[in-house]
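Listing of model.pdb; format and content: PDB, C-alpha atoms and all ligand atoms.
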MODEL        1
ATOM      1  CA  MET L 298      -8.380   1.975 -89.362  1.00  0.00           C
ATOM      2  CA  ALA L 299      -9.406  -0.929 -91.603  1.00  0.00           C
ATOM      3  CA  ASP L 300      -6.675  -3.451 -92.542  1.00  0.00           C
ATOM      4  CA  GLN L 301      -6.748  -2.426 -96.211  1.00  0.00           C
ATOM      5  CA  GLU L 302      -6.476   1.245 -95.298  1.00  0.00           C
ATOM      6  CA  ALA L 303      -3.492   0.478 -93.045  1.00  0.00           C
ATOM      7  CA  LEU L 304      -1.845  -1.622 -95.774  1.00  0.00           C
ATOM      8  CA  ASP L 305      -2.331   1.158 -98.345  1.00  0.00           C
ATOM      9  CA  PHE L 306      -0.845   3.643 -95.893  1.00  0.00           C
ATOM     10  CA  TRP L 307       2.281   1.540 -95.268  1.00  0.00           C
ATOM     11  CA  LEU L 308       2.733   0.794 -98.987  1.00  0.00           C
ATOM     12  CA  LYS L 309       2.801   4.558 -99.596  1.00  0.00           C
ATOM     13  CA  VAL L 310       5.309   4.932 -96.772  1.00  0.00           C
ATOM     14  CA  ARG L 311       7.484   2.224 -98.320  1.00  0.00           C
ATOM     15  CA  ALA L 312       7.376   4.047-101.679  1.00  0.00           C
ATOM     16  CA  GLY L 313       8.435   7.230 -99.862  1.00  0.00           C
ATOM     17  CA  VAL L 314      11.370   5.441 -98.239  1.00  0.00           C
ATOM     18  CA  THR L 315      12.460   4.008-101.603  1.00  0.00           C
ATOM     19  CA  ALA L 316      12.225   7.495-103.136  1.00  0.00           C
ATOM     20  CA  GLY L 317      14.402   8.934-100.345  1.00  0.00           C
ATOM     21  CA  GLU L 318      11.568  11.149 -99.113  1.00  0.00           C
ATOM     22  CA  ARG L 319      11.384   9.727 -95.596  1.00  0.00           C
ATOM     23  CA  VAL L 320      13.233   7.537 -93.123  1.00  0.00           C
ATOM     24  CA  VAL L 321      11.328   5.019 -90.999  1.00  0.00           C
ATOM     25  CA  PHE L 322      12.639   3.804 -87.646  1.00  0.00           C
ATOM     26  CA  LEU L 323      11.399   0.657 -86.003  1.00  0.00           C
ATOM     27  CA  ALA L 324      11.810  -0.384 -82.369  1.00  0.00           C
ATOM     28  CA  ILE L 325      12.184  -4.168 -82.100  1.00  0.00           C
ATOM     29  CA  SER L 326      11.714  -6.212 -78.940  1.00  0.00           C
ATOM     30  CA  ALA L 327      12.069 -10.003 -78.887  1.00  0.00           C
ATOM     31  CA  GLY L 328      12.057  -9.976 -82.686  1.00  0.00           C
ATOM     32  CA  GLN L 329       8.742  -8.114 -82.872  1.00  0.00           C
ATOM     33  CA  PRO L 330       8.114  -4.514 -83.967  1.00  0.00           C
ATOM     34  CA  VAL L 331       6.850  -2.542 -80.949  1.00  0.00           C
ATOM     35  CA  GLY L 332       7.138   1.054 -82.089  1.00  0.00           C
ATOM     36  CA  THR L 333       7.893   3.295 -85.020  1.00  0.00           C
ATOM     37  CA  VAL L 334       8.506   6.893 -86.047  1.00  0.00           C
ATOM     38  CA  GLN L 335       9.143   8.613 -89.369  1.00  0.00           C
ATOM     39  CA  LEU L 336      11.401  11.449 -90.430  1.00  0.00           C
ATOM     40  CA  ILE L 337      10.038  13.244 -93.491  1.00  0.00           C
ATOM     41  CA  ILE L 338      12.890  14.828 -95.427  1.00  0.00           C
ATOM     42  CA  ASP L 339      11.117  15.622 -98.700  1.00  0.00           C
ATOM     43  CA  THR L 340      10.900  19.407 -98.457  1.00  0.00           C
ATOM     44  CA  PRO L 341      10.755  22.250-101.018  1.00  0.00           C
ATOM     45  CA  ALA L 342      13.876  24.143-102.119  1.00  0.00           C
ATOM     46  CA  ASN L 343      13.448  26.840 -99.461  1.00  0.00           C
ATOM     47  CA  GLY L 344      12.991  24.189 -96.755  1.00  0.00           C
ATOM     48  CA  ARG L 345      15.972  21.898 -97.265  1.00  0.00           C
ATOM     49  CA  HIS L 346      17.142  22.739 -93.743  1.00  0.00           C
ATOM     50  CA  ARG L 347      13.965  21.401 -92.148  1.00  0.00           C
ATOM     51  CA  CYS L 348      12.256  18.062 -91.678  1.00  0.00           C
ATOM     52  CA  GLU L 349       9.190  16.675 -89.965  1.00  0.00           C
ATOM     53  CA  ILE L 350       8.694  13.936 -87.406  1.00  0.00           C
ATOM     54  CA  ALA L 351       5.486  11.963 -87.924  1.00  0.00           C
ATOM     55  CA  LYS L 352       3.591   8.833 -86.973  1.00  0.00           C
ATOM     56  CA  LEU L 353       5.214   8.131 -83.634  1.00  0.00           C
ATOM     57  CA  MET L 354       3.474   4.992 -82.364  1.00  0.00           C
ATOM     58  CA  VAL L 355       4.234   2.482 -79.625  1.00  0.00           C
ATOM     59  CA  LYS L 356       2.261  -0.714 -78.935  1.00  0.00           C
ATOM     60  CA  PRO L 357      -0.021  -0.159 -75.928  1.00  0.00           C
ATOM     61  CA  ALA L 358       1.420  -3.168 -74.036  1.00  0.00           C
ATOM     62  CA  VAL L 359       4.925  -1.685 -73.941  1.00  0.00           C
ATOM     63  CA  ARG L 360       4.210   2.016 -73.356  1.00  0.00           C
ATOM     64  CA  GLY L 361       5.895   3.900 -70.509  1.00  0.00           C
ATOM     65  CA  GLN L 362       9.252   2.135 -70.958  1.00  0.00           C
ATOM     66  CA  GLY L 363      10.997   4.886 -72.896  1.00  0.00           C
ATOM     67  CA  ILE L 364      10.514   3.393 -76.382  1.00  0.00           C
ATOM     68  CA  ALA L 365       8.993   6.544 -77.895  1.00  0.00           C
ATOM     69  CA  SER L 366      11.688   8.675 -76.269  1.00  0.00           C
ATOM     70  CA  ALA L 367      14.364   6.421 -77.777  1.00  0.00           C
ATOM     71  CA  LEU L 368      12.737   6.571 -81.222  1.00  0.00           C
ATOM     72  CA  MET L 369      12.530  10.369 -81.043  1.00  0.00           C
ATOM     73  CA  THR L 370      16.179  10.633 -79.969  1.00  0.00           C
ATOM     74  CA  ARG L 371      17.206   8.393 -82.889  1.00  0.00           C
ATOM     75  CA  ALA L 372      15.120  10.366 -85.407  1.00  0.00           C
ATOM     76  CA  GLU L 373      16.591  13.624 -84.121  1.00  0.00           C
ATOM     77  CA  ALA L 374      20.131  12.241 -84.473  1.00  0.00           C
ATOM     78  CA  GLU L 375      19.330  11.284 -88.072  1.00  0.00           C
ATOM     79  CA  ALA L 376      17.986  14.797 -88.743  1.00  0.00           C
ATOM     80  CA  LYS L 377      21.253  16.255 -87.423  1.00  0.00           C
ATOM     81  CA  SER L 378      23.355  13.873 -89.486  1.00  0.00           C
ATOM     82  CA  LEU L 379      21.425  14.951 -92.588  1.00  0.00           C
ATOM     83  CA  GLY L 380      22.306  18.581 -91.823  1.00  0.00           C
ATOM     84  CA  LYS L 381      18.793  19.604 -90.773  1.00  0.00           C
ATOM     85  CA  SER L 382      18.496  22.577 -88.415  1.00  0.00           C
ATOM     86  CA  LEU L 383      14.734  22.648 -87.819  1.00  0.00           C
ATOM     87  CA  ILE L 384      12.351  19.837 -86.844  1.00  0.00           C
ATOM     88  CA  LEU L 385       8.574  20.260 -87.071  1.00  0.00           C
ATOM     89  CA  LEU L 386       6.062  18.003 -85.369  1.00  0.00           C
ATOM     90  CA  ASP L 387       2.468  18.043 -84.233  1.00  0.00           C
ATOM     91  CA  THR L 388       0.142  15.991 -82.107  1.00  0.00           C
ATOM     92  CA  GLN L 389      -3.327  16.011 -80.618  1.00  0.00           C
ATOM     93  CA  THR L 390      -3.627  18.719 -78.001  1.00  0.00           C
ATOM     94  CA  GLY L 391      -3.678  17.261 -74.475  1.00  0.00           C
ATOM     95  CA  SER L 392      -2.374  13.828 -75.588  1.00  0.00           C
ATOM     96  CA  ASP L 393       0.413  11.729 -74.016  1.00  0.00           C
ATOM     97  CA  ALA L 394       2.562  12.624 -77.011  1.00  0.00           C
ATOM     98  CA  GLU L 395       2.211  16.335 -76.287  1.00  0.00           C
ATOM     99  CA  ARG L 396       3.718  15.797 -72.814  1.00  0.00           C
ATOM    100  CA  LEU L 397       6.458  13.662 -74.337  1.00  0.00           C
ATOM    101  CA  TYR L 398       7.332  16.281 -76.979  1.00  0.00           C
ATOM    102  CA  ILE L 399       7.623  18.981 -74.307  1.00  0.00           C
ATOM    103  CA  ARG L 400       9.754  16.724 -72.091  1.00  0.00           C
ATOM    104  CA  LEU L 401      12.098  16.110 -75.057  1.00  0.00           C
ATOM    105  CA  GLY L 402      12.704  19.849 -75.434  1.00  0.00           C
ATOM    106  CA  ASN L 403      10.392  20.708 -78.325  1.00  0.00           C
ATOM    107  CA  GLU L 404       8.781  24.154 -78.241  1.00  0.00           C
ATOM    108  CA  ARG L 405       5.043  24.604 -78.734  1.00  0.00           C
ATOM    109  CA  ALA L 406       4.333  27.110 -81.515  1.00  0.00           C
ATOM    110  CA  GLY L 407       0.563  27.108 -81.104  1.00  0.00           C
ATOM    111  CA  VAL L 408      -2.700  25.206 -81.304  1.00  0.00           C
ATOM    112  CA  ILE L 409      -4.923  24.738 -84.366  1.00  0.00           C
ATOM    113  CA  PRO L 410      -8.543  23.957 -83.483  1.00  0.00           C
ATOM    114  CA  ARG L 411     -10.610  21.408 -85.461  1.00  0.00           C
ATOM    115  CA  TYR L 412      -7.456  20.028 -87.104  1.00  0.00           C
ATOM    116  CA  ALA L 413      -7.899  16.252 -87.064  1.00  0.00           C
ATOM    117  CA  LEU L 414     -10.984  14.200 -87.843  1.00  0.00           C
ATOM    118  CA  LEU L 415     -11.213  11.345 -85.334  1.00  0.00           C
ATOM    119  CA  SER L 416     -12.800   8.001 -86.163  1.00  0.00           C
ATOM    120  CA  GLY L 417     -15.847   8.918 -84.062  1.00  0.00           C
ATOM    121  CA  GLY L 418     -16.416  12.014 -86.181  1.00  0.00           C
ATOM    122  CA  ASP L 419     -15.102  14.626 -83.717  1.00  0.00           C
ATOM    123  CA  LEU L 420     -12.693  17.321 -84.834  1.00  0.00           C
ATOM    124  CA  GLU L 421      -9.742  17.607 -82.441  1.00  0.00           C
ATOM    125  CA  ALA L 422      -7.228  20.391 -81.959  1.00  0.00           C
ATOM    126  CA  THR L 423      -3.562  19.814 -82.750  1.00  0.00           C
ATOM    127  CA  SER L 424      -0.517  21.389 -81.103  1.00  0.00           C
ATOM    128  CA  LEU L 425       2.317  22.418 -83.414  1.00  0.00           C
ATOM    129  CA  PHE L 426       5.878  21.996 -82.122  1.00  0.00           C
ATOM    130  CA  PHE L 427       9.360  22.779 -83.384  1.00  0.00           C
ATOM    131  CA  LYS L 428      12.946  22.195 -82.330  1.00  0.00           C
ATOM    132  CA  LEU L 429      15.977  24.134 -83.538  1.00  0.00           C
ATOM    133  CA  LEU L 430      19.100  22.005 -84.045  1.00  0.00           C
ATOM    134  CA  GLY L 431      22.448  23.754 -83.990  1.00  0.00           C
ATOM    135  CA  THR L 432      22.713  26.836 -86.172  1.00  0.00           C
ATOM    136  CA  PRO L 433      21.346  27.246 -89.717  1.00  0.00           C
ATOM    137  CA  GLY L 434      23.709  25.780 -92.288  1.00  0.00           C
ATOM    138  CA  SER L 435      25.906  24.174 -89.602  1.00  0.00           C
TER
HETATM  139  C1  LIG L 501       2.708   8.809 -77.238  1.00  0.00           C
HETATM  140  C2  LIG L 501       3.367   7.442 -77.294  1.00  0.00           C
HETATM  141  C3  LIG L 501       4.130   7.314 -78.623  1.00  0.00           C
HETATM  142  C4  LIG L 501       4.367   7.330 -76.112  1.00  0.00           C
HETATM  143  O1  LIG L 501       5.059   6.084 -76.205  1.00  0.00           O
HETATM  144  P1  LIG L 501       5.909   5.494 -74.953  1.00  0.00           P
HETATM  145  O2  LIG L 501       6.857   4.488 -75.483  1.00  0.00           O
HETATM  146  O3  LIG L 501       4.973   5.084 -73.892  1.00  0.00           O
HETATM  147  O4  LIG L 501       6.707   6.805 -74.490  1.00  0.00           O
HETATM  148  P2  LIG L 501       7.850   6.869 -73.391  1.00  0.00           P
HETATM  149  O5  LIG L 501       7.866   5.613 -72.583  1.00  0.00           O
HETATM  150  O6  LIG L 501       9.105   7.268 -74.053  1.00  0.00           O
HETATM  151  O7  LIG L 501       7.365   8.063 -72.510  1.00  0.00           O
HETATM  152  C5  LIG L 501       6.058   8.007 -71.977  1.00  0.00           C
HETATM  153  C6  LIG L 501       6.094   8.093 -70.481  1.00  0.00           C
HETATM  154  O8  LIG L 501       6.824   7.022 -69.902  1.00  0.00           O
HETATM  155  C7  LIG L 501       7.787   7.551 -69.006  1.00  0.00           C
HETATM  156  N1  LIG L 501       9.047   6.823 -69.210  1.00  0.00           N
HETATM  157  C8  LIG L 501      10.072   7.143 -70.015  1.00  0.00           C
HETATM  158  N2  LIG L 501      11.066   6.275 -69.920  1.00  0.00           N
HETATM  159  C9  LIG L 501      10.657   5.359 -69.025  1.00  0.00           C
HETATM  160  C10 LIG L 501      11.255   4.194 -68.475  1.00  0.00           C
HETATM  161  N3  LIG L 501      12.489   3.789 -68.865  1.00  0.00           N
HETATM  162  N4  LIG L 501      10.522   3.455 -67.612  1.00  0.00           N
HETATM  163  C11 LIG L 501       9.290   3.869 -67.237  1.00  0.00           C
HETATM  164  N5  LIG L 501       8.688   4.980 -67.703  1.00  0.00           N
HETATM  165  C12 LIG L 501       9.358   5.711 -68.573  1.00  0.00           C
HETATM  166  C13 LIG L 501       8.022   8.951 -69.404  1.00  0.00           C
HETATM  167  O9  LIG L 501       8.336   9.737 -68.265  1.00  0.00           O
HETATM  168  C14 LIG L 501       6.715   9.360 -70.011  1.00  0.00           C
HETATM  169  O10 LIG L 501       5.926   9.955 -69.037  1.00  0.00           O
HETATM  170  P3  LIG L 501       5.005  11.206 -69.389  1.00  0.00           P
HETATM  171  O11 LIG L 501       3.713  10.602 -69.801  1.00  0.00           O
HETATM  172  O12 LIG L 501       4.914  11.971 -68.148  1.00  0.00           O
HETATM  173  O13 LIG L 501       5.651  11.951 -70.534  1.00  0.00           O
HETATM  174  C15 LIG L 501       2.331   6.299 -77.158  1.00  0.00           C
HETATM  175  O14 LIG L 501       1.533   6.562 -76.029  1.00  0.00           O
HETATM  176  C16 LIG L 501       1.451   6.111 -78.392  1.00  0.00           C
HETATM  177  O15 LIG L 501       1.800   5.330 -79.300  1.00  0.00           O
HETATM  178  N6  LIG L 501       0.304   6.801 -78.435  1.00  0.00           N
HETATM  179  C17 LIG L 501      -0.618   6.694 -79.573  1.00  0.00           C
HETATM  180  C18 LIG L 501      -0.072   7.347 -80.833  1.00  0.00           C
HETATM  181  C19 LIG L 501       0.250   8.807 -80.649  1.00  0.00           C
HETATM  182  O16 LIG L 501      -0.421   9.554 -79.937  1.00  0.00           O
HETATM  183  N7  LIG L 501       1.310   9.276 -81.348  1.00  0.00           N
HETATM  184  C20 LIG L 501       1.765  10.656 -81.232  1.00  0.00           C
HETATM  185  C21 LIG L 501       2.156  11.361 -82.450  1.00  0.00           C
HETATM  186  S1  LIG L 501       0.987  11.357 -83.755  1.00  0.00           S
ENDMDL
END

Let's see the structure in the file written out as structure tokens.
Ligand SMILES: CC(C)(COP(=O)(O)OP(=O)(O)OC[C@H]1O[C@@H](n2cnc3c(N)ncnc32)[C@H](O)[C@@H]1OP(=O)(O)O)[C@@H](O)C(=O)NCCC(=O)NCCS
Amino acid sequence: MADQEALDFWLKVRAGVTAGERVVFLAISAGQPVGTVQLIIDTPANGRHRCEIAKLMVKPAVRGQGIASALMTRAEAEAKSLGKSLILLDTQTGSDAERLYIRLGNERAGVIPRYALLSGGDLEATSLFFKLLGTPGS
């Protein structure tokens, strides 16, 4: 991703945070950001009970230390505290994140082929996951 594209992306994210549409979590190590995840809470009227986890990313140099797991646990706690009872998430089929999502107790709903356009031009499948939290309305 080009720098300008990344900047535009994060400016949109910031606007979403200001508007109360999403919550961004940042993992900090030695004063530096090393990982992030987002909880998207801007849902239609018939979906106020659900939310989406997106853009889970950890710096390559610090992967395998439990940072993504900690970010996911924190985002899930936030979802619960906001009264959400369903989390949706997706990731590239066969990726490290897919293994992580399964390990964290998310259920795979299915696979959509040709979902994501990679920078090299290939279309990659995505796996859709969900997690039920508590009981609806609780
Ligand atoms: C997927 C991704 C977020 C994982 O980040 P991470 O911080 O390395 O994740 P964790 O450390 O929590 O878990 C990864 C592995 O480390 C292991 N691990 C967990 N805690 C650990 C610890 N304290 N010490 C050592 N290893 C640990 C886990 O068992 C896990 O193994 P697995 O591959 O068998 O699941 C990271 O690889 C990434 O940023 N990938 C690119 C972006 C991406 O694919 N995002 C996904 C959603 S779009």

List as an NGL selection string the protein and nucleic acid residues lying within 6 Å of ligand LIG 501 (chain L), with all atoms listed in the file counted. :L and (352-355 or 360-366 or 388 or 393-394 or 396-397)

(Q) Using Å and a single decimal, report how far CA of Arg345 in chain L sits from CA of Leu383 in chain L. (A)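 Separation of CA of Leu383 in chain L and CA of Arg345 in chain L: 9.6 Å.
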
Restricting to only C-alpha atoms, whichever of L:Ser326, L:Asn343, L:Thr390, L:Gln335 is closest to Thr370 in chain L is L:Gln335

Original post:
Quick one: which residues end up in the PyMOL selection byres (((chain L and resi 336) around 6) and not hetatm) for this structure, as a list in words?
Top reply: Arg319, Val320, Gln335, Ile337, Glu349 and Ile350 of chain L

Taking (17.5, 24.9, -85.8) in the coordinates of the supplied file, I want to know which residues reach to within 8 Å of it, counting all atoms listed in the file; could you give the answer as a list in words?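 Residues found, by chain and rising number: Lys381, Ser382, Leu383, Ile384, Lys428, Leu429, Leu430, Gly431, Thr432 and Pro433 of chain L.
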
Closest of L:Val321, L:Ala351, L:Val310, L:Ala413 to Glu375 in chain L, counting all atoms listed in the file, is L:Val321

Subject >> Output check: residues returned by the PyMOL selection byres (((chain L and resi 387) around 8) and not hetatm), as a ChimeraX atom specification >> reply: /L:351,385-386,388-389,423-426

Of L:Gly317, L:Asn403, L:Arg311, L:Ala358, the one sitting nearest Asp339 in chain L when using only C-alpha atoms is L:Gly317

From CA of Glu404 in chain L to CA of Arg347 in chain L the spacing works out at 15.1 Å

### Query
Taking (-6.2, 25.4, -85.6) in the file's coordinates as the center, which residues reach within 9 Å of it, counting all atoms listed in the file, put as number ranges by chain?
L: 407-412, 422-424

Item to complete: To one decimal in Å, tell me the separation between CA of Leu414 in chain L and CA of Lys356 in chain L.
Response: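 Interatomic distance, CA of Leu414 in chain L to CA of Lys356 in chain L: 21.8 Å.
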
Of L:Arg371, L:Gly380, L:Val359, L:Asp419, the one sitting nearest Gln329 in chain L when using only C-alpha atoms is L:Val359

How about completing range 355-371 of chain L with N, CA and C atoms and giving it to me as a JSON list (two decimals), keeping the file's coordinate frame?
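The new file part01.json reads:
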[["chain", "number", "residue", "atom", "x", "y", "z"],
["L", 355, "VAL", "N", 3.68, 3.58, -80.42],
["L", 355, "VAL", "CA", 4.23, 2.48, -79.62],
["L", 355, "VAL", "C", 3.08, 1.57, -79.23],
["L", 356, "LYS", "N", 3.31, 0.26, -79.29],
["L", 356, "LYS", "CA", 2.26, -0.71, -78.94],
["L", 356, "LYS", "C", 1.79, -0.46, -77.50],
["L", 357, "PRO", "N", 0.49, -0.45, -77.27],
["L", 357, "PRO", "CA", -0.02, -0.16, -75.93],
["L", 357, "PRO", "C", 0.62, -1.00, -74.82],
["L", 358, "ALA", "N", 0.90, -2.28, -75.08],
["L", 358, "ALA", "CA", 1.42, -3.17, -74.04],
["L", 358, "ALA", "C", 2.80, -2.78, -73.55],
["L", 359, "VAL", "N", 3.54, -2.00, -74.35],
["L", 359, "VAL", "CA", 4.92, -1.68, -73.94],
["L", 359, "VAL", "C", 5.14, -0.17, -73.76],
["L", 360, "ARG", "N", 4.06, 0.57, -73.57],
["L", 360, "ARG", "CA", 4.21, 2.02, -73.36],
["L", 360, "ARG", "C", 4.77, 2.30, -71.96],
["L", 361, "GLY", "N", 5.36, 3.48, -71.81],
["L", 361, "GLY", "CA", 5.90, 3.90, -70.51],
["L", 361, "GLY", "C", 7.25, 3.31, -70.18],
["L", 362, "GLN", "N", 7.92, 2.72, -71.18],
["L", 362, "GLN", "CA", 9.25, 2.13, -70.96],
["L", 362, "GLN", "C", 10.35, 2.92, -71.67],
["L", 363, "GLY", "N", 9.99, 4.06, -72.24],
["L", 363, "GLY", "CA", 11.00, 4.89, -72.90],
["L", 363, "GLY", "C", 11.20, 4.59, -74.37],
["L", 364, "ILE", "N", 10.33, 3.77, -74.97],
["L", 364, "ILE", "CA", 10.51, 3.39, -76.38],
["L", 364, "ILE", "C", 10.30, 4.60, -77.30],
["L", 365, "ALA", "N", 9.24, 5.36, -77.06],
["L", 365, "ALA", "CA", 8.99, 6.54, -77.90],
["L", 365, "ALA", "C", 10.12, 7.55, -77.73],
["L", 366, "SER", "N", 10.59, 7.73, -76.51],
["L", 366, "SER", "CA", 11.69, 8.68, -76.27],
["L", 366, "SER", "C", 12.91, 8.23, -77.06],
["L", 367, "ALA", "N", 13.20, 6.94, -77.05],
["L", 367, "ALA", "CA", 14.36, 6.42, -77.78],
["L", 367, "ALA", "C", 14.19, 6.62, -79.28],
["L", 368, "LEU", "N", 12.99, 6.38, -79.79],
["L", 368, "LEU", "CA", 12.74, 6.57, -81.22],
["L", 368, "LEU", "C", 12.92, 8.04, -81.61],
["L", 369, "MET", "N", 12.41, 8.93, -80.76],
["L", 369, "MET", "CA", 12.53, 10.37, -81.04],
["L", 369, "MET", "C", 14.00, 10.80, -81.03],
["L", 370, "THR", "N", 14.75, 10.28, -80.06],
["L", 370, "THR", "CA", 16.18, 10.63, -79.97],
["L", 370, "THR", "C", 16.91, 10.16, -81.22],
["L", 371, "ARG", "N", 16.56, 8.95, -81.69],
["L", 371, "ARG", "CA", 17.21, 8.39, -82.89],
["L", 371, "ARG", "C", 16.85, 9.20, -84.13]]
